[in-house]
Amino acid sequence: MQLTTTSVRRQLSCLEKMMYLLGRGSRTRSLSTTSPAAAPQYTLAIARQVPRSFPNAITKFAAATSSDTNISLTTTIQQHDAYLKTLRSFVPTVCLPALDDLPDSMFVEDTVVVMGNNAVITHPGHPARRAEVDSIRDFLGNQLGMSVKSMSDYPNAFCDGGDILNTSRHLFVGLSERTNRESIQVLEEVLQVEVIPVTFEGNALHLKSIVTHVDDSTLLAPIGSLGDDVIKTMQAIEKGYTVIRIPNMLACNVVSVNGGLVAQNMGDEEIRSILMQVAEDRNMRVAFVDCSEIAKADAALTCCSVLLKI
């Protein structure tokens with residue numbers, strides 16, 4: 001499906017009108033000039049509709065930890081719709097058409113690493129996912145006018161965006177089955193930023209399966225040896241981060257966006273209370289959504305969107 005569908009054009013048109021009403025002028029102008037006060041804010045999120053083939057998504061770790069691995073497409077769509085509604089309460093969001101032949105394609109985070117107006121299109125670690133990047137490259141480059149480079153142009157480098165944790169102070173890159181050291185060299189060269197590699201071992205697909213950030217000085221990590229090891233490898237305490245420990249790894253994956261937290265609804269009052277207190281202490285608003293179906297595909301909330309400051 002081409003990205004110039006009526007649905008995407010309509011979403012971009014609505015976004016342009018919204019930015020005009022906010023005093024930012026046309027969409028084209030807003031992508032190149034923002035006021036200093038607006039600079040820290042995310043201006044756009046990108047998501048993708050759930051493909052009909054999603055029940056065939058790649059899974060490894062969820063099967064080892066849960067007896068219920070049968071994915072309901074209907075429930076996934078309902079949960080994804082609720083996720084989009086919640087995300088849109090914090091940031092304008094464009095949802096791209098489904099790529100029905102690519103089961104994992106709703107996980108757009110894995111296809112690109114973005115800093116400002118610069119985007120590195122990844123070379124996903126699993127060969128079955130590499131066809132997902134073409135439409136993202138087209139959308140960012142041709143529709144949004146961003147500067148786009150492709151990791152596939154660099155020999156031997158492969159990377160999933162789920163291994164990239166950008167706290168705005170540091171760029172951490174998890175070295176996993178899906179991301180290698182050669183990709184770090186690409187990111188440093190293209191984005192002109194120092195990368196901090198993070199090795200880990202355990203039942204986690206990506207770095208952000210284990211740890212995410214609340215703000216530029218606060219991290220969430222699970223209680224236990226896996227969380228201990230990752231925080232130590234990141235040298236998080238030494239770098240000035242406060243680390244909030246949570247008794248469930250999936251609950252550590254949150255989307256921090258424009259003064260809000262999109263968090264997993266785990267059905268656990270202790271976890272809910274911890275996250276609500278974290279948000280209250282930082283004058284943030286927290287919204288809980290159910291992502292139980294996508295978790296069956298080793299995924300979490302951050303997997304389903306890419307946040308842009310353009």
# chains A, B, ... in the order shown; residues from 1 in each chain; ligands from 1

call {"tool": "residues_around", "arguments": {"residues": "region 148-152 of chain A", "least_positions_apart": "3", "cutoff": "9 Å", "atoms": "only C-alpha atoms", "output": "list of chain:residue names"}}
result
A:Asn117, A:Asn118, A:Ala119, A:Val120, A:Ile121, A:Thr122, A:His123, A:Arg137, A:Leu140, A:Gly141, A:Gly145, A:Pro155, A:Asn156, A:Ala157, A:Phe158, A:Cys159, A:Ser183, A:Val186, A:Leu187, A:Val190

call {"tool": "select_by_dssp", "arguments": {"residues": "region 86-139 of chain A", "states": "strand (DSSP E or B)", "output": "mmCIF file with all heavy atoms, in the first residue's frame"}}
result
data_model
loop_
_atom_site.group_PDB
_atom_site.id
_atom_site.type_symbol
_atom_site.label_atom_id
_atom_site.label_comp_id
_atom_site.auth_asym_id
_atom_site.auth_seq_id
_atom_site.Cartn_x
_atom_site.Cartn_y
_atom_site.Cartn_z
ATOM 1 N N THR A 93 -0.501 12.425 16.168
ATOM 2 C CA THR A 93 -0.038 11.097 15.760
ATOM 3 C C THR A 93 -0.558 10.741 14.379
ATOM 4 O O THR A 93 -1.763 10.847 14.120
ATOM 5 C CB THR A 93 -0.488 10.029 16.769
ATOM 6 O OG1 THR A 93 0.005 10.364 18.068
ATOM 7 C CG2 THR A 93 -0.001 8.643 16.385
ATOM 8 N N VAL A 94 0.350 10.338 13.503
ATOM 9 C CA VAL A 94 -0.013 9.822 12.183
ATOM 10 C C VAL A 94 0.099 8.307 12.223
ATOM 11 O O VAL A 94 1.138 7.765 12.618
ATOM 12 C CB VAL A 94 0.906 10.381 11.084
ATOM 13 C CG1 VAL A 94 0.659 9.674 9.757
ATOM 14 C CG2 VAL A 94 0.686 11.883 10.924
ATOM 15 N N CYS A 95 -0.963 7.625 11.827
ATOM 16 C CA CYS A 95 -0.957 6.166 11.795
ATOM 17 C C CYS A 95 -0.908 5.711 10.340
ATOM 18 O O CYS A 95 -1.842 5.949 9.574
ATOM 19 C CB CYS A 95 -2.183 5.599 12.502
ATOM 20 S SG CYS A 95 -2.088 3.813 12.752
ATOM 21 N N LEU A 96 0.179 5.062 9.963
ATOM 22 C CA LEU A 96 0.385 4.614 8.598
ATOM 23 C C LEU A 96 -0.446 3.368 8.307
ATOM 24 O O LEU A 96 -0.827 2.632 9.220
ATOM 25 C CB LEU A 96 1.865 4.326 8.362
ATOM 26 C CG LEU A 96 2.830 5.487 8.617
ATOM 27 C CD1 LEU A 96 4.265 5.040 8.414
ATOM 28 C CD2 LEU A 96 2.507 6.669 7.724
ATOM 29 N N VAL A 112 13.643 2.628 12.685
ATOM 30 C CA VAL A 112 14.319 3.919 12.520
ATOM 31 C C VAL A 112 14.842 4.429 13.858
ATOM 32 O O VAL A 112 14.248 4.170 14.919
ATOM 33 C CB VAL A 112 13.359 4.956 11.890
ATOM 34 C CG1 VAL A 112 12.170 5.238 12.796
ATOM 35 C CG2 VAL A 112 14.084 6.253 11.540
ATOM 36 N N VAL A 113 15.963 5.139 13.798
ATOM 37 C CA VAL A 113 16.497 5.873 14.950
ATOM 38 C C VAL A 113 16.531 7.341 14.552
ATOM 39 O O VAL A 113 17.120 7.695 13.524
ATOM 40 C CB VAL A 113 17.905 5.382 15.329
ATOM 41 C CG1 VAL A 113 18.422 6.162 16.531
ATOM 42 C CG2 VAL A 113 17.894 3.886 15.610
ATOM 43 N N VAL A 114 15.912 8.194 15.367
ATOM 44 C CA VAL A 114 15.735 9.598 15.002
ATOM 45 C C VAL A 114 16.353 10.510 16.051
ATOM 46 O O VAL A 114 16.193 10.289 17.255
ATOM 47 C CB VAL A 114 14.234 9.929 14.854
ATOM 48 C CG1 VAL A 114 14.043 11.415 14.570
ATOM 49 C CG2 VAL A 114 13.600 9.090 13.746
ATOM 50 N N MET A 115 17.054 11.534 15.574
ATOM 51 C CA MET A 115 17.487 12.631 16.435
ATOM 52 C C MET A 115 17.260 13.923 15.667
ATOM 53 O O MET A 115 17.902 14.161 14.634
ATOM 54 C CB MET A 115 18.956 12.485 16.828
ATOM 55 C CG MET A 115 19.230 11.311 17.758
ATOM 56 S SD MET A 115 20.897 11.330 18.478
ATOM 57 C CE MET A 115 20.746 12.717 19.612
ATOM 58 N N ASN A 118 17.216 14.299 11.705
ATOM 59 C CA ASN A 118 18.041 13.246 11.115
ATOM 60 C C ASN A 118 17.499 11.870 11.493
ATOM 61 O O ASN A 118 17.204 11.611 12.663
ATOM 62 C CB ASN A 118 19.490 13.370 11.581
ATOM 63 C CG ASN A 118 20.123 14.672 11.152
ATOM 64 O OD1 ASN A 118 20.115 15.010 9.974
ATOM 65 N ND2 ASN A 118 20.654 15.427 12.105
ATOM 66 N N ALA A 119 17.400 11.003 10.493
ATOM 67 C CA ALA A 119 16.875 9.661 10.707
ATOM 68 C C ALA A 119 17.808 8.623 10.110
ATOM 69 O O ALA A 119 18.277 8.773 8.977
ATOM 70 C CB ALA A 119 15.486 9.525 10.084
ATOM 71 N N VAL A 120 18.087 7.593 10.887
ATOM 72 C CA VAL A 120 18.823 6.437 10.387
ATOM 73 C C VAL A 120 17.819 5.296 10.233
ATOM 74 O O VAL A 120 17.257 4.820 11.231
ATOM 75 C CB VAL A 120 19.955 6.015 11.331
ATOM 76 C CG1 VAL A 120 20.649 4.753 10.807
ATOM 77 C CG2 VAL A 120 20.960 7.136 11.509
ATOM 78 N N ILE A 121 17.558 4.894 9.004
ATOM 79 C CA ILE A 121 16.692 3.753 8.754
ATOM 80 C C ILE A 121 17.482 2.503 9.106
ATOM 81 O O ILE A 121 18.585 2.280 8.588
ATOM 82 C CB ILE A 121 16.230 3.701 7.284
ATOM 83 C CG1 ILE A 121 15.539 5.023 6.901
ATOM 84 C CG2 ILE A 121 15.312 2.516 7.058
ATOM 85 C CD1 ILE A 121 14.324 5.371 7.726
#

call {"tool": "residues_around", "arguments": {"residues": "Lys208 (chain A)", "least_positions_apart": "3", "cutoff": "6 Å", "atoms": "only C-alpha atoms", "output": "mmCIF file with C-alpha atoms, in the first residue's frame"}}
result
data_model
loop_
_atom_site.group_PDB
_atom_site.id
_atom_site.type_symbol
_atom_site.label_atom_id
_atom_site.label_comp_id
_atom_site.auth_asym_id
_atom_site.auth_seq_id
_atom_site.Cartn_x
_atom_site.Cartn_y
_atom_site.Cartn_z
ATOM 1 C CA GLY A 162 13.950 -1.213 20.390
ATOM 2 C CA ASP A 163 17.585 -1.415 21.472
ATOM 3 C CA VAL A 211 14.648 -0.278 30.902
ATOM 4 C CA THR A 212 13.027 2.951 29.680
#

call {"tool": "closest_atom_pairs", "arguments": {"of": "region 118-235 of chain A", "to": "region 271-289 of chain A", "cutoff": "10 Å", "atoms": "only C-alpha atoms", "output": "Markdown table"}}
result
| residue | atom | partner | partner_atom | distance |
| --- | --- | --- | --- | --- |
| A:Val214 | CA | A:Ala279 | CA | 8.3 |
| A:Asp215 | CA | A:Arg282 | CA | 8.7 |
| A:Thr218 | CA | A:Val278 | CA | 9.2 |
| A:Leu220 | CA | A:Leu275 | CA | 9.4 |

call {"tool": "residues_around", "arguments": {"residues": "Leu301 (chain A)", "least_positions_apart": "5", "cutoff": "9 Å", "atoms": "only C-alpha atoms", "output": "short mmCIF file (atom, residue, chain, number, x, y, z; two decimals) with N, CA and C atoms, in the first residue's frame"}}
result
data_model
loop_
_atom_site.label_atom_id
_atom_site.label_comp_id
_atom_site.auth_asym_id
_atom_site.auth_seq_id
_atom_site.Cartn_x
_atom_site.Cartn_y
_atom_site.Cartn_z
N TYR A 83 -4.51 2.50 22.47
CA TYR A 83 -3.15 3.05 22.56
C TYR A 83 -3.05 4.33 21.74
N ASN A 253 8.37 -0.69 30.74
CA ASN A 253 8.33 -0.10 29.42
C ASN A 253 7.21 0.94 29.37
N VAL A 254 7.59 2.22 29.35
CA VAL A 254 6.62 3.31 29.28
C VAL A 254 7.01 4.25 28.14
N VAL A 255 6.02 4.95 27.61
CA VAL A 255 6.26 5.99 26.62
C VAL A 255 6.20 7.33 27.35
N VAL A 262 2.65 7.07 29.10
CA VAL A 262 1.74 6.00 28.69
C VAL A 262 2.32 4.73 29.27
N ALA A 263 1.56 4.08 30.16
CA ALA A 263 2.08 2.95 30.92
C ALA A 263 1.19 1.72 30.74
N GLN A 264 1.78 0.57 31.03
CA GLN A 264 1.07 -0.70 30.90
C GLN A 264 0.05 -0.84 32.03
N VAL A 289 -2.78 1.81 29.63
CA VAL A 289 -3.42 1.09 28.52
C VAL A 289 -3.04 -0.39 28.60
N CYS A 291 -1.81 -3.73 26.91
CA CYS A 291 -1.06 -4.19 25.74
C CYS A 291 -0.78 -5.69 25.84
N ILE A 294 -0.04 -7.60 22.38
CA ILE A 294 1.25 -7.37 21.72
C ILE A 294 2.40 -7.93 22.56
N ALA A 295 2.19 -8.06 23.88
CA ALA A 295 3.21 -8.65 24.73
C ALA A 295 3.46 -10.11 24.36
#

call {"tool": "residues_around", "arguments": {"residues": "region 228-240 of chain A", "least_positions_apart": "2", "cutoff": "8 Å", "atoms": "only C-alpha atoms", "output": "VMD selection string"}}
result
chain A and resid 172 196 to 200 217 221 223 to 226 242 to 243

call {"tool": "select_by_dssp", "arguments": {"residues": "region 256-289 of chain A", "states": "helix (DSSP H, G or I)", "output": "PyMOL selection string"}}
result
chain A and resi 269-281

call {"tool": "closest_atom_pairs", "arguments": {"of": "region 85-150 of chain A", "to": "region 302-307 of chain A", "cutoff": "6 Å", "atoms": "only C-alpha atoms", "output": "JSON lines"}}
result
{"residue": "A:Phe107", "atom": "CA", "partner": "A:Cys304", "partner_atom": "CA", "distance": 4.7}
{"residue": "A:Val108", "atom": "CA", "partner": "A:Ser305", "partner_atom": "CA", "distance": 5.8}
{"residue": "A:Glu109", "atom": "CA", "partner": "A:Cys303", "partner_atom": "CA", "distance": 5.0}

call {"tool": "residues_around", "arguments": {"residues": "Thr59 (chain A)", "least_positions_apart": "3", "cutoff": "9 Å", "atoms": "only C-alpha atoms", "output": "list of chain:residue names"}}
result
A:Asn56, A:Ala62, A:Ala63, A:Thr69, A:Lys296, A:Ala297, A:Asp298, A:Ala299

call {"tool": "atom_distance", "arguments": {"atom1": "CA of Ala98 (chain A)", "atom2": "CA of Leu84 (chain A)"}}
result
14.2 Å

call {"tool": "atom_distance", "arguments": {"atom1": "CA of Leu191 (chain A)", "atom2": "CA of Ile136 (chain A)"}}
result
17.9 Å

call {"tool": "closest_residue", "arguments": {"among": "A:Asp134, A:Glu177, A:Glu293, A:Leu205", "to": "Leu73 (chain A)", "atoms": "only C-alpha atoms"}}
result
A:Glu293

call {"tool": "closest_residue", "arguments": {"among": "A:Gly260, A:Gly116, A:Pro124, A:Pro97", "to": "Leu308 (chain A)", "atoms": "only C-alpha atoms"}}
result
A:Gly116

call {"tool": "closest_residue", "arguments": {"among": "A:Ile310, A:Ile210, A:Ala131, A:Val257", "to": "Arg88 (chain A)", "atoms": "only C-alpha atoms"}}
result
A:Val257

call {"tool": "atom_distance", "arguments": {"atom1": "CA of Gln41 (chain A)", "atom2": "CA of Lys85 (chain A)"}}
result
18.8 Å

call {"tool": "residues_around", "arguments": {"residues": "Pro103 (chain A)", "least_positions_apart": "5", "cutoff": "10 Å", "atoms": "only C-alpha atoms", "output": "CSV table (one decimal) with N, CA, C and O atoms, in the first residue's frame"}}
result
chain,number,residue,atom,x,y,z
A,50,VAL,N,-2.4,-2.3,12.7
A,50,VAL,CA,-2.1,-3.7,12.9
A,50,VAL,C,-2.3,-4.5,11.6
A,50,VAL,O,-3.4,-4.4,11.0
A,51,PRO,N,-1.4,-5.3,11.2
A,51,PRO,CA,-1.5,-6.1,10.0
A,51,PRO,C,-2.4,-7.3,10.3
A,51,PRO,O,-2.4,-7.8,11.4
A,52,ARG,N,-3.1,-7.8,9.3
A,52,ARG,CA,-3.9,-9.0,9.4
A,52,ARG,C,-3.1,-10.2,9.8
A,52,ARG,O,-3.7,-11.2,10.4
A,53,SER,N,-1.9,-10.2,9.4
A,53,SER,CA,-1.0,-11.3,9.7
A,53,SER,C,-0.4,-11.3,11.1
A,53,SER,O,0.5,-12.1,11.4
A,54,PHE,N,-0.7,-10.3,11.9
A,54,PHE,CA,-0.1,-10.2,13.2
A,54,PHE,C,-0.1,-11.4,14.1
A,54,PHE,O,0.9,-11.6,14.8
A,55,PRO,N,-1.1,-12.3,14.1
A,55,PRO,CA,-1.0,-13.5,14.9
A,55,PRO,C,0.2,-14.4,14.5
A,55,PRO,O,0.6,-15.3,15.3
A,56,ASN,N,0.8,-14.1,13.4
A,56,ASN,CA,2.0,-14.9,13.0
A,56,ASN,C,3.3,-14.1,13.3
A,56,ASN,O,4.4,-14.5,12.8
A,57,ALA,N,3.2,-13.1,14.1
A,57,ALA,CA,4.4,-12.3,14.5
A,57,ALA,C,5.5,-13.2,15.1
A,57,ALA,O,5.2,-14.2,15.8
A,58,ILE,N,6.7,-12.7,15.0
A,58,ILE,CA,7.9,-13.5,15.6
A,58,ILE,C,7.8,-13.4,17.1
A,58,ILE,O,7.6,-12.3,17.6
A,98,ALA,N,-1.6,-0.4,7.3
A,98,ALA,CA,-1.1,-1.7,7.6
A,98,ALA,C,-0.3,-2.3,6.5
A,98,ALA,O,-0.6,-2.1,5.3
A,128,ALA,N,13.4,-11.4,8.4
A,128,ALA,CA,12.0,-11.4,8.0
A,128,ALA,C,11.4,-10.0,8.2
A,128,ALA,O,10.3,-9.7,7.7
A,129,ARG,N,12.1,-9.1,8.9
A,129,ARG,CA,11.6,-7.8,9.2
A,129,ARG,C,12.2,-6.7,8.3
A,129,ARG,O,11.8,-5.5,8.4
A,132,GLU,N,10.2,-4.0,6.1
A,132,GLU,CA,9.4,-3.0,6.8
A,132,GLU,C,9.9,-1.6,6.6
A,132,GLU,O,9.2,-0.6,6.8
A,297,ALA,N,3.9,-11.1,21.5
A,297,ALA,CA,4.9,-11.1,20.4
A,297,ALA,C,6.2,-10.4,20.9
A,297,ALA,O,6.9,-9.8,20.1

call {"tool": "closest_residue", "arguments": {"among": "A:Phe139, A:Gln49, A:Met266, A:Phe90", "to": "Pro247 (chain A)", "atoms": "only C-alpha atoms"}}
result
A:Met266
